[in-house]
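So this one's work-v6.cif, mmCIF, C-alpha atoms and all ligand atoms:
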```
data_my_file
loop_
_atom_site.group_PDB
_atom_site.id
_atom_site.type_symbol
_atom_site.label_atom_id
_atom_site.label_comp_id
_atom_site.auth_asym_id
_atom_site.auth_seq_id
_atom_site.Cartn_x
_atom_site.Cartn_y
_atom_site.Cartn_z
ATOM 1 C CA MET A 131 -33.737 -4.004 25.123
ATOM 2 C CA ARG A 132 -36.061 -2.628 27.687
ATOM 3 C CA GLN A 133 -39.766 -2.935 27.131
ATOM 4 C CA PHE A 134 -41.776 0.238 27.118
ATOM 5 C CA SER A 135 -44.120 0.502 30.036
ATOM 6 C CA PRO A 136 -47.756 0.302 29.002
ATOM 7 C CA ARG A 137 -48.483 3.141 31.401
ATOM 8 C CA ARG A 138 -48.220 6.569 29.855
ATOM 9 C CA SER A 139 -45.942 8.093 32.405
ATOM 10 C CA PRO A 140 -43.835 11.127 31.549
ATOM 11 C CA TYR A 141 -40.083 10.898 31.229
ATOM 12 C CA ARG A 142 -38.080 11.738 34.316
ATOM 13 C CA HIS A 143 -36.499 14.773 32.719
ATOM 14 C CA GLU A 144 -39.980 16.021 31.792
ATOM 15 C CA THR A 145 -41.256 15.563 35.308
ATOM 16 C CA ARG A 146 -38.254 17.487 36.586
ATOM 17 C CA THR A 147 -39.398 20.642 34.789
ATOM 18 C CA VAL A 148 -41.834 21.257 37.640
ATOM 19 C CA SER A 149 -40.969 21.674 41.299
ATOM 20 C CA CYS A 150 -41.740 18.800 43.630
ATOM 21 C CA PRO A 151 -44.583 19.353 46.086
ATOM 22 C CA ARG A 152 -43.251 16.529 48.233
ATOM 23 C CA CYS A 153 -39.588 17.375 48.832
ATOM 24 C CA GLY A 154 -39.513 20.941 47.520
ATOM 25 C CA ALA A 155 -36.943 20.309 44.776
ATOM 26 C CA GLY A 156 -37.056 23.185 42.282
ATOM 27 C CA PRO A 157 -37.520 22.875 38.524
ATOM 28 C CA GLY A 158 -34.550 21.116 36.966
ATOM 29 C CA SER A 159 -33.381 19.659 40.277
ATOM 30 C CA TRP A 160 -33.492 16.056 41.393
ATOM 31 C CA CYS A 161 -35.944 14.963 44.009
ATOM 32 C CA ILE A 162 -34.352 14.665 47.435
ATOM 33 C CA GLU A 163 -34.619 11.813 49.900
ATOM 34 C CA ASP A 164 -35.685 12.502 53.456
ATOM 35 C CA ASP A 165 -32.016 12.238 54.465
ATOM 36 C CA GLY A 166 -30.933 14.813 51.861
ATOM 37 C CA ARG A 167 -29.572 12.507 49.177
ATOM 38 C CA ALA A 168 -30.637 12.936 45.565
ATOM 39 C CA ARG A 169 -33.242 10.402 44.481
ATOM 40 C CA GLY A 170 -32.809 8.633 41.178
ATOM 41 C CA VAL A 171 -36.533 8.853 40.597
ATOM 42 C CA ASN A 172 -39.079 11.575 41.056
ATOM 43 C CA HIS A 173 -41.643 11.530 43.808
ATOM 44 C CA GLN A 174 -45.048 10.313 42.722
ATOM 45 C CA GLY A 175 -46.557 13.654 43.734
ATOM 46 C CA ARG A 176 -44.180 15.409 41.357
ATOM 47 C CA VAL A 177 -45.273 13.233 38.463
ATOM 48 C CA ARG A 178 -48.864 14.134 39.241
ATOM 49 C CA ALA A 179 -47.964 17.825 39.488
ATOM 50 C CA PHE A 180 -46.329 17.603 36.076
ATOM 51 C CA LEU A 181 -49.359 15.925 34.543
ATOM 52 C CA ASP A 182 -51.654 18.544 36.069
ATOM 53 C CA ALA A 183 -49.479 21.365 34.765
ATOM 54 C CA ARG A 184 -49.384 19.830 31.304
ATOM 55 C CA GLU A 185 -53.153 19.621 31.267
ATOM 56 C CA LEU A 186 -53.462 23.276 32.249
ATOM 57 C CA THR A 187 -51.015 24.436 29.588
ATOM 58 C CA ASP A 188 -52.564 22.336 26.860
ATOM 59 C CA PRO A 189 -53.581 24.674 24.060
ATOM 60 C CA SER A 190 -57.331 24.599 23.603
ATOM 61 C CA PRO A 191 -58.220 27.650 21.520
ATOM 62 C CA ALA A 192 -61.932 28.323 21.634
ATOM 63 C CA GLY A 193 -63.382 27.721 18.204
ATOM 64 C CA GLY A 194 -60.017 26.791 16.757
ATOM 65 C CA SER A 195 -59.586 23.948 14.290
ATOM 66 C CA THR A 196 -57.882 21.818 16.936
ATOM 67 C CA HIS A 197 -60.800 22.277 19.312
ATOM 68 C CA HIS A 198 -62.682 19.079 19.983
ATOM 69 C CA PRO A 199 -66.367 19.766 20.468
ATOM 70 C CA PRO A 200 -68.244 17.892 23.181
ATOM 71 C CA ARG A 201 -69.318 14.443 22.086
ATOM 72 C CA ASP A 202 -72.996 15.162 22.669
ATOM 73 C CA ASP A 203 -72.800 18.295 20.531
ATOM 74 C CA VAL A 204 -71.338 16.337 17.632
ATOM 75 C CA ARG A 205 -74.318 13.986 17.794
ATOM 76 C CA ALA A 206 -76.588 16.836 16.719
ATOM 77 C CA VAL A 207 -75.576 16.010 13.141
ATOM 78 C CA SER A 208 -76.001 12.702 11.333
ATOM 79 C CA CYS A 209 -72.881 10.637 10.755
ATOM 80 C CA PRO A 210 -71.640 10.465 7.152
ATOM 81 C CA ARG A 211 -69.665 7.321 7.968
ATOM 82 C CA CYS A 212 -72.204 5.013 9.608
ATOM 83 C CA LEU A 213 -75.272 7.037 8.527
ATOM 84 C CA VAL A 214 -76.972 7.155 11.920
ATOM 85 C CA SER A 215 -79.581 9.832 12.544
ATOM 86 C CA PRO A 216 -78.884 12.929 14.603
ATOM 87 C CA PHE A 217 -78.713 12.295 18.376
ATOM 88 C CA GLN A 218 -78.071 8.569 17.838
ATOM 89 C CA PRO A 219 -74.714 7.114 18.847
ATOM 90 C CA CYS A 220 -72.414 6.008 16.055
ATOM 91 C CA THR A 221 -72.521 2.315 15.228
ATOM 92 C CA GLY A 222 -69.454 0.142 14.823
ATOM 93 C CA SER A 223 -68.683 -2.304 12.061
ATOM 94 C CA ARG A 224 -70.614 -5.063 13.843
ATOM 95 C CA GLY A 225 -73.656 -2.905 14.467
ATOM 96 C CA GLN A 226 -72.870 -2.184 18.091
ATOM 97 C CA SER A 227 -73.198 1.383 19.307
ATOM 98 C CA ARG A 228 -69.896 3.183 19.698
ATOM 99 C CA GLU A 229 -69.094 5.276 22.695
ATOM 100 C CA SER A 230 -67.172 7.774 20.604
ATOM 101 C CA ASN A 231 -68.190 9.485 17.403
ATOM 102 C CA HIS A 232 -66.621 8.730 14.078
ATOM 103 C CA TYR A 233 -63.996 11.198 12.977
ATOM 104 C CA GLU A 234 -66.066 11.997 9.908
ATOM 105 C CA ARG A 235 -68.964 12.998 12.117
ATOM 106 C CA VAL A 236 -66.799 15.390 14.100
ATOM 107 C CA VAL A 237 -65.622 16.884 10.814
ATOM 108 C CA ALA A 238 -69.225 17.200 9.636
ATOM 109 C CA PHE A 239 -70.072 18.995 12.860
ATOM 110 C CA THR A 240 -67.134 21.375 12.965
ATOM 111 C CA GLY A 241 -67.135 21.949 9.204
ATOM 112 C CA VAL A 242 -63.348 21.780 9.081
HETATM 113 ZN ZN ZN B 301 -39.597 15.118 45.316
HETATM 114 ZN ZN ZN B 302 -70.570 7.236 12.773
#
```
How does the structure come out when it is put into structure tokens?
Amino acid sequence: MRQFSPRRSPYRHETRTVSCPRCGAGPGSWCIEDDGRARGVNHQGRVRAFLDARELTDPSPAGGSTHHPPRDDVRAVSCPRCLVSPFQPCTGSRGQSRESNHYERVVAFTGV
């Protein structure tokens, strides 16, 4: 059994859906070595190109229910979970301030 890598890297076949900026391999084709042989792995630049493309194509409908409002905007409402006042950061179970808002607070803000 192979261990999963802790890094969230895309699968090779996913990366191959974009063309490679390094060797010029088209979508669906293997990356090519400098001497013309097919590489078993994709160039690092191709992986980055894939990740960039995925970010651009990510659906983010304005005002849609899947839209995540900016963290600071959410803080305009009080948190129903940890009961902090508006504009205060959420507090964790040990009383420390959380960097992110509670899910319930986001729901309270978006009204979804
Ligand atoms: Zn390549
Ligand atoms: Zn909270």
Write as a VMD selection string the residues around ligand ZN 302 (chain B), taking 9 Å as the cut-off and counting all atoms listed in the file.
chain A and resid 208 to 214 219 to 222 228 230 to 235
Prev. selection, C-alpha atoms, output as a PDB file, in the frame of the given file:
```
ATOM      1  CA  SER A 208     -76.001  12.702  11.333  1.00  0.00           C
ATOM      2  CA  CYS A 209     -72.881  10.637  10.755  1.00  0.00           C
ATOM      3  CA  PRO A 210     -71.640  10.465   7.152  1.00  0.00           C
ATOM      4  CA  ARG A 211     -69.665   7.321   7.968  1.00  0.00           C
ATOM      5  CA  CYS A 212     -72.204   5.013   9.608  1.00  0.00           C
ATOM      6  CA  LEU A 213     -75.272   7.037   8.527  1.00  0.00           C
ATOM      7  CA  VAL A 214     -76.972   7.155  11.920  1.00  0.00           C
ATOM      8  CA  PRO A 219     -74.714   7.114  18.847  1.00  0.00           C
ATOM      9  CA  CYS A 220     -72.414   6.008  16.055  1.00  0.00           C
ATOM     10  CA  THR A 221     -72.521   2.315  15.228  1.00  0.00           C
ATOM     11  CA  GLY A 222     -69.454   0.142  14.823  1.00  0.00           C
ATOM     12  CA  ARG A 228     -69.896   3.183  19.698  1.00  0.00           C
ATOM     13  CA  SER A 230     -67.172   7.774  20.604  1.00  0.00           C
ATOM     14  CA  ASN A 231     -68.190   9.485  17.403  1.00  0.00           C
ATOM     15  CA  HIS A 232     -66.621   8.730  14.078  1.00  0.00           C
ATOM     16  CA  TYR A 233     -63.996  11.198  12.977  1.00  0.00           C
ATOM     17  CA  GLU A 234     -66.066  11.997   9.908  1.00  0.00           C
ATOM     18  CA  ARG A 235     -68.964  12.998  12.117  1.00  0.00           C
TER      19      ARG A 235
END
```
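The nearest approach to ligand ZN 301 (chain B) among the residues A:Arg184, A:Ser139, A:Thr145, A:Cys153, with all atoms listed in the file taken into account, belongs to A:Cys153.
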As a quick test: using all atoms listed in the file, which residues lie no more than 7 Å away from ligand ZN 301 (chain B)? Give them as a compact mmCIF listing (two decimals) with C-alpha atoms, in the frame of the given file.
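Result went into pocket38.txt, see below:
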```txt
# COMPACT_ATOMS: atom_id res chain seq x y z
CA CYS A 150 -41.74 18.80 43.63
CA PRO A 151 -44.58 19.35 46.09
CA ARG A 152 -43.25 16.53 48.23
CA CYS A 153 -39.59 17.38 48.83
CA GLY A 154 -39.51 20.94 47.52
CA ALA A 155 -36.94 20.31 44.78
CA CYS A 161 -35.94 14.96 44.01
CA ILE A 162 -34.35 14.66 47.44
CA ASN A 172 -39.08 11.58 41.06
CA HIS A 173 -41.64 11.53 43.81
CA ARG A 176 -44.18 15.41 41.36
```
For each of A:Ser149, A:Pro216, A:Ser227, A:Thr240, take the minimum atom-to-atom distance to Phe180 of chain A, counting only C-alpha atoms, then give the residue where this is smallest.
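The answer is A:Ser149, which sits nearest to Phe180 of chain A.
The set of residues that the PyMOL selection byres (((chain A and resi 200) around 12) and not hetatm) takes from this file is His197, His198, Pro199, Arg201, Asp202, Asp203, Val204, Arg205, Ala206, Ser230, Asn231, Val236, Phe239 and Thr240 of chain A.
Proximity of A:Ser215, A:Val207, A:Arg146, A:Gln226 to Gly175 of chain A, computed with all atoms listed in the file, is greatest for A:Arg146.
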Rounded to one decimal place, report the atom CA of Glu163 of chain A-atom CA of Ala183 of chain A distance in Å.
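Atom CA of Ala183 of chain A lies at a distance of 23.3 Å from atom CA of Glu163 of chain A.
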I'd like the interatomic distance between atom CA of Pro140 of chain A and atom CA of Leu186 of chain A, to a tenth of an Å.
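Going from atom CA of Pro140 of chain A over to atom CA of Leu186 of chain A covers 15.5 Å.
We find atom CA of Gly241 of chain A and atom CA of Ser223 of chain A to be spaced 24.5 Å apart.
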Given the choices A:Asp164, A:Phe217, A:Gln174, A:Ser159, which gets closest to His143 of chain A if the distance is worked out from only C-alpha atoms?
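Between A:Asp164, A:Phe217, A:Gln174, A:Ser159, the residue approaching His143 of chain A most closely is A:Ser159.
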Top pick for closest residue to Val148 of chain A, considering A:Asp165, A:Arg224, A:Gly170, A:Val177 and counting all atoms listed in the file
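Between A:Asp165, A:Arg224, A:Gly170, A:Val177, the residue approaching Val148 of chain A most closely is A:Val177.
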